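These notes are about the structure you will find just below.
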Amino acid sequence: TSLLKKSIPSQGKNNEKIWAFVGPTGVGKTTTIAKIAAKETLEYKKKVGLITMDTYRIGAVDQLKIYANILNIPLEVVSVMEDMPQAMERLQSCDRILIDSAGMNSLAKEQLLNTKARLNEIDKRKNILVVSATTRNSDLKLVMENYEDIGYDAIILTKLDETQCYGSILNINHYTDKPI
């Protein structure tokens with residue numbers, strides 16, 4: 001456990017206003033954002049705004065729209081890079097802004113660079129790489145290496161309830177010094 005304590009930050013260290021979630025398809029970025037939005041809104045009483053850049057996956061916007069309606073929080077849809085500044089402007093009064101990016105294959109360098117360009121329109125953001133605990137070790141290492149093209153400040157590990165093997169947590173700790 002001492003190996004992990006240095007990698008798992010306490011709740012109080014998440015002061016950045018803007019969190020952008022990046023990662024491969026199917027790892028649970030949108031669901032993770034919904035859970036964080038609910039906690040920030042209901043438990044911490046923060047004013048939360050959502051932005052989705054995922055206009056590729058069928059139903060992605062609708063899924064986040066449902067969560068936003070349930071929580072009664074604003075949602076902005078950014079389908080082209082030029083829309084980002086206006087979306088950020090409309091959410092400027094929020095305490096926390098959560099950005100859902102499109103999931104992509106970490107080998108698709110052009111898609112990674114496109115996402116990076118969109119996110120570079122935003123100053124002072126925290127990029128969070130979302131990965132699944134069910135991802136095998138060699139693929140996990142590759143994802144982490146390839147997403148360095150975008151850059152990430154922390155890692156969220158999802159789907160812990162879908163595996164009995166938790167070695168990926170130790171492997172992440174071995175591959176990077178980023179907090180989990």
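Numbering starts fresh at 1 for the residues of each chain in the structure tokens, the chains themselves are lettered A, B, ... in the order given, and ligands are numbered from 1 as they appear.
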Secondary structure check, strand (DSSP E or B) residues of region 5-168 of chain A, as number ranges by chain: A: 18-22, 48-52, 75-77, 96-100, 125-132, 154-158
Polymer residues at most 7 Å from Leu75 (chain A), only C-alpha atoms, same-chain spacing of 3 or more positions, as a list in words: Gly49, Leu50, Ile51, Lys65 and Ala68 of chain A
Written file, previous selection with N, CA and C atoms, as a compact mmCIF listing (two decimals), in the first residue's frame:
```
# COMPACT_ATOMS: atom_id res chain seq x y z
N GLY A 49 -20.57 22.51 -15.11
CA GLY A 49 -20.96 22.58 -16.52
C GLY A 49 -20.28 21.46 -17.29
N LEU A 50 -20.95 20.96 -18.31
CA LEU A 50 -20.41 19.88 -19.13
C LEU A 50 -20.20 20.36 -20.56
N ILE A 51 -19.14 19.84 -21.16
CA ILE A 51 -18.88 20.04 -22.58
C ILE A 51 -18.64 18.67 -23.18
N LYS A 65 -26.57 14.52 -22.33
CA LYS A 65 -27.72 15.42 -22.18
C LYS A 65 -28.68 14.90 -21.10
N ALA A 68 -27.09 15.63 -17.77
CA ALA A 68 -27.17 17.08 -17.51
C ALA A 68 -28.58 17.47 -17.09
```
Minimum-distance residue to Leu140 (chain A), chosen among A:Gly59, A:Gly103, A:Pro74, A:Gly167 (using only C-alpha atoms):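 Answer, going by the shortest atom-to-atom distance: A:Gly167.
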Residues within 9 Å of Lys116 (chain A), only C-alpha atoms, excluding chain neighbours under 3 positions, as a list in words: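 Close residues of Lys116 (chain A): Gln111, Leu112, Leu113, Leu119, Asn120, Glu121, Asp149, Ile150 and Gly151 of chain A.
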Please, could you write that set of residues out with N, CA and C atoms as an mmCIF file, in the first residue's frame?
```cif
data_model
loop_
_atom_site.group_PDB
_atom_site.id
_atom_site.type_symbol
_atom_site.label_atom_id
_atom_site.label_comp_id
_atom_site.auth_asym_id
_atom_site.auth_seq_id
_atom_site.Cartn_x
_atom_site.Cartn_y
_atom_site.Cartn_z
ATOM 1 N N GLN A 111 -6.169 11.507 -34.999
ATOM 2 C CA GLN A 111 -7.274 11.780 -34.069
ATOM 3 C C GLN A 111 -6.747 12.333 -32.752
ATOM 4 N N LEU A 112 -5.656 11.781 -32.260
ATOM 5 C CA LEU A 112 -5.064 12.279 -31.018
ATOM 6 C C LEU A 112 -4.649 13.744 -31.158
ATOM 7 N N LEU A 113 -4.037 14.061 -32.291
ATOM 8 C CA LEU A 113 -3.594 15.440 -32.515
ATOM 9 C C LEU A 113 -4.775 16.389 -32.689
ATOM 10 N N LEU A 119 -8.340 20.780 -27.361
ATOM 11 C CA LEU A 119 -8.110 21.043 -25.941
ATOM 12 C C LEU A 119 -7.142 22.197 -25.724
ATOM 13 N N ASN A 120 -6.245 22.420 -26.671
ATOM 14 C CA ASN A 120 -5.297 23.527 -26.542
ATOM 15 C C ASN A 120 -5.974 24.894 -26.618
ATOM 16 N N GLU A 121 -7.257 24.902 -27.003
ATOM 17 C CA GLU A 121 -8.031 26.145 -26.998
ATOM 18 C C GLU A 121 -8.377 26.572 -25.567
ATOM 19 N N ASP A 149 0.989 12.076 -26.316
ATOM 20 C CA ASP A 149 0.901 13.078 -27.387
ATOM 21 C C ASP A 149 -0.078 14.185 -27.008
ATOM 22 N N ILE A 150 -1.152 13.833 -26.321
ATOM 23 C CA ILE A 150 -2.109 14.835 -25.837
ATOM 24 C C ILE A 150 -1.588 15.432 -24.546
ATOM 25 N N GLY A 151 -1.023 14.580 -23.726
ATOM 26 C CA GLY A 151 -0.564 14.982 -22.397
ATOM 27 C C GLY A 151 -1.679 14.748 -21.397
#
```
Counting only C-alpha atoms, the option among A:Tyr67, A:Phe21, A:Tyr44, A:Tyr56 closest to Ile155 (chain A):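 With only C-alpha atoms as the atom set, the closest residue is A:Phe21.
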Excluding Lys47 (chain A) and its own-chain neighbours fewer than 2 positions away, which residues fall within 10 Å of it when counting only C-alpha atoms? Please give them as a PDB file with N, CA and C atoms, in the first residue's frame.
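Final output, saved to result09.pdb:
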```
ATOM      1  N   ALA A  37     -19.758  14.562 -12.022  1.00  0.00           N
ATOM      2  CA  ALA A  37     -20.680  15.708 -12.054  1.00  0.00           C
ATOM      3  C   ALA A  37     -21.706  15.591 -10.940  1.00  0.00           C
ATOM      4  N   GLU A  40     -19.905  16.265  -7.552  1.00  0.00           N
ATOM      5  CA  GLU A  40     -19.563  17.691  -7.425  1.00  0.00           C
ATOM      6  C   GLU A  40     -20.812  18.541  -7.191  1.00  0.00           C
ATOM      7  N   THR A  41     -21.905  18.195  -7.874  1.00  0.00           N
ATOM      8  CA  THR A  41     -23.143  18.969  -7.778  1.00  0.00           C
ATOM      9  C   THR A  41     -23.888  18.693  -6.477  1.00  0.00           C
ATOM     10  N   LEU A  42     -24.116  17.428  -6.194  1.00  0.00           N
ATOM     11  CA  LEU A  42     -24.979  17.053  -5.072  1.00  0.00           C
ATOM     12  C   LEU A  42     -24.257  17.051  -3.727  1.00  0.00           C
ATOM     13  N   TYR A  44     -20.790  18.225  -3.102  1.00  0.00           N
ATOM     14  CA  TYR A  44     -19.932  19.384  -2.849  1.00  0.00           C
ATOM     15  C   TYR A  44     -20.607  20.713  -3.168  1.00  0.00           C
ATOM     16  N   LYS A  45     -21.842  20.652  -3.692  1.00  0.00           N
ATOM     17  CA  LYS A  45     -22.648  21.853  -3.984  1.00  0.00           C
ATOM     18  C   LYS A  45     -21.959  22.821  -4.936  1.00  0.00           C
ATOM     19  N   GLY A  49     -20.566  22.513 -15.114  1.00  0.00           N
ATOM     20  CA  GLY A  49     -20.962  22.579 -16.522  1.00  0.00           C
ATOM     21  C   GLY A  49     -20.278  21.464 -17.289  1.00  0.00           C
ATOM     22  N   ASN A  72     -29.671  18.949 -13.648  1.00  0.00           N
ATOM     23  CA  ASN A  72     -30.030  20.344 -13.912  1.00  0.00           C
ATOM     24  C   ASN A  72     -28.781  21.225 -14.051  1.00  0.00           C
ATOM     25  N   ILE A  73     -27.854  20.758 -14.906  1.00  0.00           N
ATOM     26  CA  ILE A  73     -26.622  21.502 -15.165  1.00  0.00           C
ATOM     27  C   ILE A  73     -26.496  21.737 -16.673  1.00  0.00           C
ATOM     28  N   PRO A  74     -25.764  22.777 -17.069  1.00  0.00           N
ATOM     29  CA  PRO A  74     -25.646  23.089 -18.490  1.00  0.00           C
ATOM     30  C   PRO A  74     -24.723  22.128 -19.239  1.00  0.00           C
ATOM     31  N   LEU A  91     -19.921  28.877 -20.036  1.00  0.00           N
ATOM     32  CA  LEU A  91     -19.802  28.141 -18.772  1.00  0.00           C
ATOM     33  C   LEU A  91     -18.867  28.821 -17.771  1.00  0.00           C
ATOM     34  N   SER A  93     -19.198  30.893 -15.465  1.00  0.00           N
ATOM     35  CA  SER A  93     -19.645  31.056 -14.080  1.00  0.00           C
ATOM     36  C   SER A  93     -19.632  29.735 -13.291  1.00  0.00           C
ATOM     37  N   CYS A  94     -19.303  28.641 -13.947  1.00  0.00           N
ATOM     38  CA  CYS A  94     -19.275  27.339 -13.273  1.00  0.00           C
ATOM     39  C   CYS A  94     -18.024  27.199 -12.400  1.00  0.00           C
ATOM     40  N   ASP A  95     -18.183  26.445 -11.306  1.00  0.00           N
ATOM     41  CA  ASP A  95     -17.046  26.137 -10.435  1.00  0.00           C
ATOM     42  C   ASP A  95     -16.171  25.052 -11.046  1.00  0.00           C
ATOM     43  N   ARG A  96     -16.799  24.147 -11.788  1.00  0.00           N
ATOM     44  CA  ARG A  96     -16.097  23.011 -12.388  1.00  0.00           C
ATOM     45  C   ARG A  96     -16.683  22.778 -13.777  1.00  0.00           C
ATOM     46  N   ILE A  97     -15.809  22.585 -14.755  1.00  0.00           N
ATOM     47  CA  ILE A  97     -16.220  22.255 -16.123  1.00  0.00           C
ATOM     48  C   ILE A  97     -15.594  20.911 -16.477  1.00  0.00           C
TER      49      ILE A  97
END
```
Top pick for closest residue to Met144 (chain A), considering A:Met53, A:Val131, A:Ala117, A:Ala20 and counting only C-alpha atoms: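 Checking each candidate against Met144 (chain A), we get A:Val131 as the closest.
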DSSP helix (DSSP H, G or I) selection over region 1-177 of chain A, as a ChimeraX atom specification: /A:2-5,11-13,29-43,60-71,81-90,109-119,137-149,160-162,167-175
Report as a compact mmCIF listing (two decimals) with C-alpha atoms, in the first residue's frame all protein, DNA and RNA residues lying within 8 Å of Thr55 (chain A), evaluated on only C-alpha atoms, omitting residues in the same chain fewer than 4 positions from it.
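Full text of part.txt as output:
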```txt
# COMPACT_ATOMS: atom_id res chain seq x y z
CA ALA A 60 -23.00 10.17 -27.04
CA VAL A 61 -24.48 13.67 -26.92
CA VAL A 77 -21.77 20.54 -27.59
CA VAL A 78 -18.52 21.33 -29.42
CA SER A 79 -18.47 19.72 -32.84
CA ALA A 102 -14.37 11.37 -28.24
```
Can you tell me, as a PDB file with N, CA, C and O atoms, in the first residue's frame, what residues are no more than 8 Å from Thr30 (chain A) when counting only C-alpha atoms, ignoring any on the same chain fewer than 4 positions away?
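Once written, around30.pdb looks like this:
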```
ATOM      1  N   ALA A  34     -20.306  11.621 -15.660  1.00  0.00           N
ATOM      2  CA  ALA A  34     -21.621  11.724 -15.020  1.00  0.00           C
ATOM      3  C   ALA A  34     -21.517  11.509 -13.515  1.00  0.00           C
ATOM      4  O   ALA A  34     -22.134  12.234 -12.723  1.00  0.00           O
ATOM      5  N   ALA A  60     -23.894   9.605 -28.060  1.00  0.00           N
ATOM      6  CA  ALA A  60     -22.996  10.167 -27.041  1.00  0.00           C
ATOM      7  C   ALA A  60     -23.531  11.487 -26.483  1.00  0.00           C
ATOM      8  O   ALA A  60     -23.556  11.688 -25.266  1.00  0.00           O
ATOM      9  N   GLN A  63     -26.637  10.859 -24.370  1.00  0.00           N
ATOM     10  CA  GLN A  63     -26.311  10.262 -23.077  1.00  0.00           C
ATOM     11  C   GLN A  63     -25.912  11.343 -22.078  1.00  0.00           C
ATOM     12  O   GLN A  63     -26.418  11.380 -20.950  1.00  0.00           O
ATOM     13  N   LEU A  64     -25.026  12.246 -22.481  1.00  0.00           N
ATOM     14  CA  LEU A  64     -24.596  13.309 -21.573  1.00  0.00           C
ATOM     15  C   LEU A  64     -25.730  14.300 -21.322  1.00  0.00           C
ATOM     16  O   LEU A  64     -25.854  14.852 -20.228  1.00  0.00           O
ATOM     17  N   ASP A 100     -15.927  16.012 -22.050  1.00  0.00           N
ATOM     18  CA  ASP A 100     -15.945  14.636 -22.569  1.00  0.00           C
ATOM     19  C   ASP A 100     -15.405  14.662 -23.994  1.00  0.00           C
ATOM     20  O   ASP A 100     -16.014  15.254 -24.878  1.00  0.00           O
TER      21      ASP A 100
END
```
Atom pair CA of Ser168 (chain A) / CA of Ser132 (chain A): separation (Å):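 Going from CA of Ser168 (chain A) over to CA of Ser132 (chain A) covers 9.0 Å.
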A:Ile66, A:Leu160, A:Val143, A:Ala87 ranked by distance to Lys109 (chain A), top pick (using only C-alpha atoms):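 Looking at the shortest contact to Lys109 (chain A), the residue is A:Val143.
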Among listed residues A:Gln92, A:Met84, A:Glu16, A:Glu43, nearest Arg118 (chain A) (using only C-alpha atoms): A:Met84
